[in-house]
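Student: protein02.csv is reproduced below (CSV, C-alpha atoms).
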```
chain,number,residue,atom,x,y,z
E,76,MET,CA,5.5,-67.4,-22.6
E,77,VAL,CA,1.7,-67.2,-22.2
E,78,VAL,CA,0.7,-63.8,-20.9
E,79,LEU,CA,-2.7,-62.8,-19.4
E,80,THR,CA,-3.7,-59.6,-21.2
E,81,GLU,CA,-6.3,-56.9,-20.7
E,82,HIS,CA,-7.9,-58.0,-24.0
E,83,LEU,CA,-8.3,-61.6,-22.7
E,84,ILE,CA,-9.8,-60.4,-19.4
E,85,MET,CA,-12.2,-58.0,-20.9
E,86,SER,CA,-13.4,-60.4,-23.6
E,87,ARG,CA,-14.7,-62.6,-20.8
E,88,SER,CA,-15.8,-60.0,-18.2
E,89,MET,CA,-19.4,-59.1,-17.5
E,90,GLU,CA,-18.4,-56.1,-15.3
E,91,GLY,CA,-18.1,-53.2,-17.8
E,92,THR,CA,-15.0,-51.9,-19.6
E,93,ASP,CA,-12.8,-50.7,-16.7
E,94,ILE,CA,-10.2,-53.4,-15.9
E,95,GLY,CA,-9.6,-51.9,-12.5
E,96,LYS,CA,-13.2,-52.7,-11.5
E,97,VAL,CA,-13.2,-56.3,-12.4
E,98,ARG,CA,-14.0,-58.3,-9.3
E,99,ARG,CA,-13.7,-61.9,-10.4
E,100,LEU,CA,-10.9,-63.5,-12.5
E,101,ASN,CA,-11.1,-67.1,-13.7
E,102,PHE,CA,-8.4,-68.4,-16.1
E,103,TRP,CA,-8.2,-71.9,-14.7
E,104,GLY,CA,-5.9,-74.3,-16.6
E,105,LYS,CA,-4.7,-71.9,-19.3
E,106,GLU,CA,-0.9,-72.5,-19.0
E,107,LEU,CA,-0.4,-68.9,-18.1
E,108,ASP,CA,3.2,-67.8,-17.2
E,109,ASP,CA,2.7,-64.0,-16.7
E,110,VAL,CA,-0.3,-62.6,-14.8
E,111,SER,CA,1.4,-59.4,-13.8
E,112,ILE,CA,-1.6,-57.5,-15.1
E,113,CYS,CA,-3.2,-58.3,-11.8
E,114,LYS,CA,-1.1,-55.5,-10.3
E,115,SER,CA,-3.4,-53.1,-12.1
E,116,MET,CA,-6.6,-54.7,-10.8
E,117,PRO,CA,-7.2,-53.5,-7.3
E,118,GLY,CA,-10.9,-54.4,-7.5
E,119,LEU,CA,-10.4,-58.1,-7.7
E,120,GLU,CA,-12.1,-60.1,-5.0
E,121,ILE,CA,-11.8,-63.7,-6.3
E,122,ILE,CA,-8.9,-65.0,-8.3
E,123,SER,CA,-8.9,-68.5,-9.8
E,124,LEU,CA,-5.7,-69.3,-11.6
E,125,SER,CA,-5.0,-72.9,-10.7
E,126,LEU,CA,-3.3,-75.3,-13.2
E,127,ASN,CA,-1.1,-72.6,-14.7
E,128,ASN,CA,2.7,-71.9,-14.7
E,129,ILE,CA,2.7,-68.9,-12.3
E,130,ALA,CA,6.0,-68.7,-10.3
E,131,THR,CA,5.5,-65.8,-8.0
E,132,LEU,CA,2.9,-64.2,-5.7
E,133,SER,CA,4.2,-60.7,-6.4
E,134,HIS,CA,1.6,-60.2,-9.1
E,135,PHE,CA,-1.2,-60.0,-6.4
E,136,SER,CA,0.4,-57.6,-4.0
E,137,ASN,CA,-1.9,-54.7,-5.1
E,138,CYS,CA,-5.1,-56.6,-4.9
E,139,VAL,CA,-6.3,-54.9,-1.8
E,140,ASN,CA,-9.9,-56.2,-2.0
E,141,LEU,CA,-8.9,-59.8,-2.6
E,142,GLN,CA,-10.8,-62.3,-0.5
E,143,GLU,CA,-10.1,-65.7,-2.2
E,144,LEU,CA,-7.0,-66.7,-4.1
E,145,TYR,CA,-6.9,-70.1,-5.9
E,146,LEU,CA,-3.4,-71.0,-7.2
E,147,ARG,CA,-3.2,-74.7,-6.9
E,148,ARG,CA,-0.8,-76.6,-9.1
E,149,ASN,CA,1.4,-73.7,-10.3
E,150,CYS,CA,5.2,-73.3,-10.0
E,151,ILE,CA,5.6,-71.2,-6.8
E,152,ALA,CA,8.8,-72.6,-5.3
E,153,ASP,CA,9.8,-69.9,-2.8
E,154,LEU,CA,7.7,-69.9,0.4
E,155,SER,CA,9.0,-66.5,1.3
E,156,ASP,CA,6.9,-65.2,-1.6
E,157,ILE,CA,3.9,-65.1,0.8
E,158,ILE,CA,5.3,-61.7,2.0
E,159,HIS,CA,3.8,-60.3,-1.2
E,160,ILE,CA,0.3,-61.1,-0.1
E,161,ALA,CA,0.8,-60.9,3.7
E,162,LYS,CA,-0.7,-57.3,3.9
E,163,LEU,CA,-3.9,-58.0,1.9
E,164,PRO,CA,-6.5,-57.0,4.5
E,165,LYS,CA,-9.4,-59.1,3.2
E,166,LEU,CA,-7.8,-62.3,2.1
E,167,ARG,CA,-9.6,-65.2,3.8
E,168,ILE,CA,-9.2,-68.2,1.5
E,169,LEU,CA,-5.9,-69.4,0.0
E,170,TRP,CA,-5.1,-72.5,-2.1
E,171,LEU,CA,-1.4,-73.2,-2.8
E,172,PHE,CA,-1.7,-77.0,-2.8
E,173,ASP,CA,0.5,-78.8,-5.4
E,174,ASN,CA,3.0,-75.9,-5.7
E,175,PRO,CA,6.7,-76.8,-5.0
E,176,CYS,CA,6.6,-74.5,-1.9
E,177,CYS,CA,4.1,-76.8,-0.2
E,178,ARG,CA,6.8,-79.5,0.2
E,179,HIS,CA,8.9,-77.4,2.6
E,180,ASP,CA,9.1,-78.0,6.3
E,181,ASN,CA,6.5,-76.1,8.3
E,182,TYR,CA,4.7,-75.0,5.2
E,183,ARG,CA,1.2,-74.5,6.7
E,184,SER,CA,2.4,-73.0,10.0
E,185,THR,CA,4.7,-70.5,8.1
E,186,VAL,CA,1.9,-69.4,5.9
E,187,LEU,CA,-0.4,-68.9,8.9
E,188,ARG,CA,2.2,-66.8,10.7
E,189,TYR,CA,2.1,-64.3,8.0
E,190,LEU,CA,-1.6,-64.7,7.1
E,191,PRO,CA,-3.3,-65.1,10.5
E,192,LYS,CA,-6.7,-63.9,9.2
E,193,LEU,CA,-7.1,-66.8,6.8
E,194,LEU,CA,-10.2,-68.9,7.4
E,195,LYS,CA,-9.1,-71.7,5.0
E,196,LEU,CA,-5.7,-72.8,3.7
E,197,ASP,CA,-5.8,-75.5,1.0
E,198,ASN,CA,-9.5,-76.1,1.8
E,199,ILE,CA,-8.7,-76.9,5.4
E,200,GLU,CA,-10.2,-74.7,8.1
E,201,VAL,CA,-7.7,-72.8,10.2
E,202,THR,CA,-8.0,-73.3,14.0
E,203,ASP,CA,-7.1,-71.1,16.8
E,204,ASP,CA,-4.6,-73.7,18.1
E,205,GLU,CA,-2.6,-73.9,15.0
E,206,LEU,CA,-2.5,-70.1,14.7
E,207,ALA,CA,-1.1,-69.9,18.2
E,208,LEU,CA,1.5,-72.6,17.3
E,209,ALA,CA,2.4,-70.9,14.0
E,210,LYS,CA,3.1,-67.6,15.8
E,211,GLU,CA,5.3,-69.3,18.4
E,212,LYS,CA,7.1,-71.8,16.2
E,213,ASN,CA,8.2,-70.1,13.1
E,214,PRO,CA,10.9,-67.5,12.7
E,215,LYS,CA,10.1,-64.3,10.8
E,216,LEU,CA,11.1,-64.2,7.1
E,217,GLY,CA,14.4,-62.5,6.9
E,218,ALA,CA,15.7,-63.8,10.2
E,219,SER,CA,19.0,-65.5,10.2
E,220,GLY,CA,18.7,-68.7,8.1
E,221,ALA,CA,15.0,-68.3,7.6
E,222,ASP,CA,15.0,-67.3,4.0
E,223,SER,CA,17.4,-70.1,3.1
E,224,HIS,CA,15.2,-72.6,4.9
E,225,LEU,CA,12.1,-71.5,3.1
E,226,THR,CA,13.7,-71.5,-0.4
E,227,ASN,CA,15.7,-74.7,0.0
E,228,GLY,CA,13.9,-76.6,2.7
E,229,ASN,CA,13.7,-80.3,2.8
E,230,ALA,CA,11.0,-81.6,0.5
E,231,ASP,CA,9.5,-84.9,1.4
E,232,ASN,CA,9.5,-86.7,-1.9
E,233,SER,CA,9.1,-90.2,-0.5
E,234,SER,CA,5.7,-91.7,-0.6
E,235,SER,CA,4.2,-95.2,-0.1
E,236,GLU,CA,1.2,-94.2,-2.3
E,237,SER,CA,0.8,-95.7,-5.7
E,238,PRO,CA,0.6,-93.4,-8.8
E,239,ARG,CA,-3.1,-94.1,-9.1
E,240,SER,CA,-3.7,-93.2,-5.5
E,241,ARG,CA,-1.9,-89.9,-5.9
E,242,ALA,CA,-3.9,-89.3,-9.1
E,243,ILE,CA,-7.1,-89.9,-7.2
E,244,ILE,CA,-6.1,-87.4,-4.5
E,245,ARG,CA,-5.3,-84.8,-7.2
E,246,ASP,CA,-8.6,-85.3,-8.9
E,247,PHE,CA,-10.4,-85.2,-5.5
E,248,THR,CA,-8.7,-81.9,-4.6
E,249,GLU,CA,-9.5,-80.6,-8.1
E,250,THR,CA,-13.2,-81.4,-7.7
E,251,ASN,CA,-13.5,-79.8,-4.3
E,252,GLU,CA,-11.8,-76.6,-5.6
E,253,ILE,CA,-14.4,-76.4,-8.3
E,254,ARG,CA,-17.2,-77.0,-5.9
E,255,SER,CA,-15.8,-74.4,-3.5
E,256,GLU,CA,-15.7,-71.8,-6.3
E,257,MET,CA,-19.3,-72.7,-7.3
E,258,GLY,CA,-20.5,-72.3,-3.7
E,259,MET,CA,-21.0,-76.0,-3.2
E,260,LYS,CA,-20.1,-78.0,-0.1
E,261,PRO,CA,-16.9,-80.1,-0.4
E,262,MET,CA,-17.2,-83.8,-1.2
E,263,ARG,CA,-15.9,-86.5,1.1
E,264,LEU,CA,-13.1,-88.6,-0.3
E,265,SER,CA,-15.1,-91.8,0.6
E,266,LYS,CA,-17.8,-90.7,-1.9
E,267,PHE,CA,-15.5,-89.6,-4.7
E,268,SER,CA,-15.4,-91.9,-7.7
E,269,PRO,CA,-13.1,-90.7,-10.4
E,270,LYS,CA,-13.8,-91.7,-14.0
E,271,LYS,CA,-11.2,-94.0,-15.6
E,272,SER,CA,-9.7,-93.0,-18.9
E,273,SER,CA,-6.6,-93.6,-20.9
E,274,SER,CA,-5.5,-90.1,-20.2
E,275,TYR,CA,-6.1,-90.4,-16.5
E,276,ARG,CA,-2.7,-89.1,-15.5
E,277,THR,CA,-2.7,-86.2,-18.0
E,278,ARG,CA,-3.8,-82.6,-17.0
E,279,ASP,CA,-6.9,-82.9,-19.3
E,280,GLY,CA,-7.7,-86.3,-17.8
E,281,ASN,CA,-7.7,-84.9,-14.3
E,282,ILE,CA,-10.0,-82.0,-15.4
E,283,VAL,CA,-12.4,-84.4,-17.1
E,284,SER,CA,-12.6,-86.6,-14.0
E,285,ALA,CA,-13.3,-83.6,-11.8
E,286,VAL,CA,-16.0,-82.2,-14.2
E,287,LEU,CA,-17.7,-85.6,-14.5
E,288,SER,CA,-18.0,-85.9,-10.8
E,289,LEU,CA,-19.7,-82.5,-10.6
E,290,VAL,CA,-22.1,-83.3,-13.5
E,291,GLN,CA,-23.8,-85.9,-11.4
E,292,GLU,CA,-25.1,-83.3,-8.9
E,293,LEU,CA,-26.3,-80.6,-11.3
E,294,ASP,CA,-30.0,-80.0,-12.2
E,295,TYR,CA,-31.5,-80.0,-15.7
E,296,GLY,CA,-31.1,-76.2,-16.1
E,297,SER,CA,-27.5,-76.2,-15.1
E,298,LEU,CA,-26.8,-79.1,-17.4
E,299,GLU,CA,-28.3,-77.1,-20.3
E,300,ILE,CA,-25.9,-74.3,-19.6
E,301,ILE,CA,-22.9,-76.7,-19.6
E,302,GLN,CA,-24.2,-78.3,-22.8
E,303,ASP,CA,-24.2,-74.9,-24.5
E,304,ALA,CA,-20.7,-74.1,-23.2
E,305,VAL,CA,-19.4,-77.4,-24.5
E,306,ARG,CA,-20.9,-76.8,-27.9
E,307,ASN,CA,-19.4,-73.3,-28.1
E,308,ARG,CA,-16.0,-74.6,-27.0
E,309,MET,CA,-16.0,-77.4,-29.5
E,310,GLY,CA,-17.0,-74.9,-32.2
E,311,SER,CA,-14.1,-72.6,-31.4
E,312,LEU,CA,-11.7,-75.6,-31.5
E,313,SER,CA,-12.9,-76.8,-34.9
E,314,SER,CA,-12.8,-73.4,-36.5
```
Before anything else, please render the file you have as structure tokens.
Tutor:
Amino acid sequence: MVVLTEHLIMSRSMEGTDIGKVRRLNFWGKELDDVSICKSMPGLEIISLSLNNIATLSHFSNCVNLQELYLRRNCIADLSDIIHIAKLPKLRILWLFDNPCCRHDNYRSTVLRYLPKLLKLDNIEVTDDELALAKEKNPKLGASGADSHLTNGNADNSSSESPRSRAIIRDFTETNEIRSEMGMKPMRLSKFSPKKSSSYRTRDGNIVSAVLSLVQELDYGSLEIIQDAVRNRMGSLSS
């Protein structure tokens, strides 16, 4: 089991030595299983933990200042887990795309029933019409049969898309998540050109494709920063 520890967090933090005052947490693609330390971090405003192995939202229930939560492609299977973040007063952006819970019937409307203050869910803006429909359509969690439905709901596993098409969609979503976290506007799918590689369907291949798509839009100064980061990372891997 890979555990997110205080030592790991503070070794990358630029916000002093008090873990309770850390405002941004970014451990994207680290294969983390346990992030329960977030319960001790009420100052968090942005959490980016996509591409990990997180199975519950309970770790974030004490993050009262949380505004943005990125958890795409984890292992959250039980949609009723949203109860743990339903009372976070400042949460406005939530990404759960590519978690098992997203396959359940009425996934989006159920999430919006309990998180009506969201502005974006899975990088799609929330509208007044779907909020009204969510409130009217979905039973409260804990109502007769509701929990069973959310835990064991019918997943739509059928698809006419080819494996490559699904991979392109994954890479496109990955790229736009990175752009969102960097404050950049989302890219249109029609303009997205993923790079081909022999590892295209692997996790690292998807990340490489997303990064290469972003590199094309960066200026010289930003590219120098990335170049230094790559050199440092390669040095740590070879040591």
Student: When you count only C-alpha atoms, which of these residues is closest to Leu132 of chain E: E:Leu171, E:Asn101, E:Gly95, E:Glu106?
Tutor: E:Leu171
Student: Compile the contact shell of segment 110-112 of chain E as a PyMOL selection string: residues with an atom at most 7 Å away, counting all atoms listed in the file, same-chain residues fewer than 4 positions apart removed.
Tutor: chain E and resi 78-80+134
Student: Can you tell me which residues surround Thr92 of chain E at a distance of at most 12 Å, considering all atoms listed in the file, apart from same-chain residues fewer than 6 positions away, and format the answer as a list in words?
Tutor: Glu81, His82, Ile84, Met85 and Ser86 of chain E
Student: Out of E:Ser311, E:Arg306, E:Glu120, E:Ser133, which residue has the shortest atom-to-atom distance to Ile158 of chain E when counting all atoms listed in the file?
Tutor: E:Ser133
Student: Could you check which of E:Met76, E:Asp173, E:Arg147, E:Ile160 is closest to Lys114 of chain E, using all atoms listed in the file?
Tutor: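 That would be E:Ile160, the residue with the smallest distance to Lys114 of chain E.
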Student: Report the distance between atom CA of Asp108 of chain E and atom CA of Leu187 of chain E in Å, rounded to one decimal place.
Tutor: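 A separation of 26.4 Å between them.
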Student: Using all atoms listed in the file, determine which residues lie at most 8 Å from segment 200-215 of chain E, disregarding the query and same-chain residues fewer than 6 positions distant; provide the list as an mmCIF file with C-alpha atoms, in the frame of the given file.
Tutor:
```cif
data_model
loop_
_atom_site.group_PDB
_atom_site.id
_atom_site.type_symbol
_atom_site.label_atom_id
_atom_site.label_comp_id
_atom_site.auth_asym_id
_atom_site.auth_seq_id
_atom_site.Cartn_x
_atom_site.Cartn_y
_atom_site.Cartn_z
ATOM 1 C CA ASN E 181 6.500 -76.100 8.300
ATOM 2 C CA SER E 184 2.400 -73.000 10.000
ATOM 3 C CA THR E 185 4.700 -70.500 8.100
ATOM 4 C CA LEU E 187 -0.400 -68.900 8.900
ATOM 5 C CA ARG E 188 2.200 -66.800 10.700
ATOM 6 C CA PRO E 191 -3.300 -65.100 10.500
ATOM 7 C CA LEU E 193 -7.100 -66.800 6.800
ATOM 8 C CA LEU E 194 -10.200 -68.900 7.400
ATOM 9 C CA ALA E 221 15.000 -68.300 7.600
#
```
Student: Pick the closest to Leu100 of chain E from E:Leu312, E:Cys113, E:Leu196, E:Ala304: which is it, counting all atoms listed in the file?
Tutor: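 The closest residue to Leu100 of chain E is E:Cys113.
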Student: Could you check which of E:Asn128, E:Ser313, E:Asn307, E:Ser88 is closest to Asn149 of chain E, using all atoms listed in the file?
Tutor: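 The shortest atom-to-atom distance to Asn149 of chain E comes from E:Asn128.
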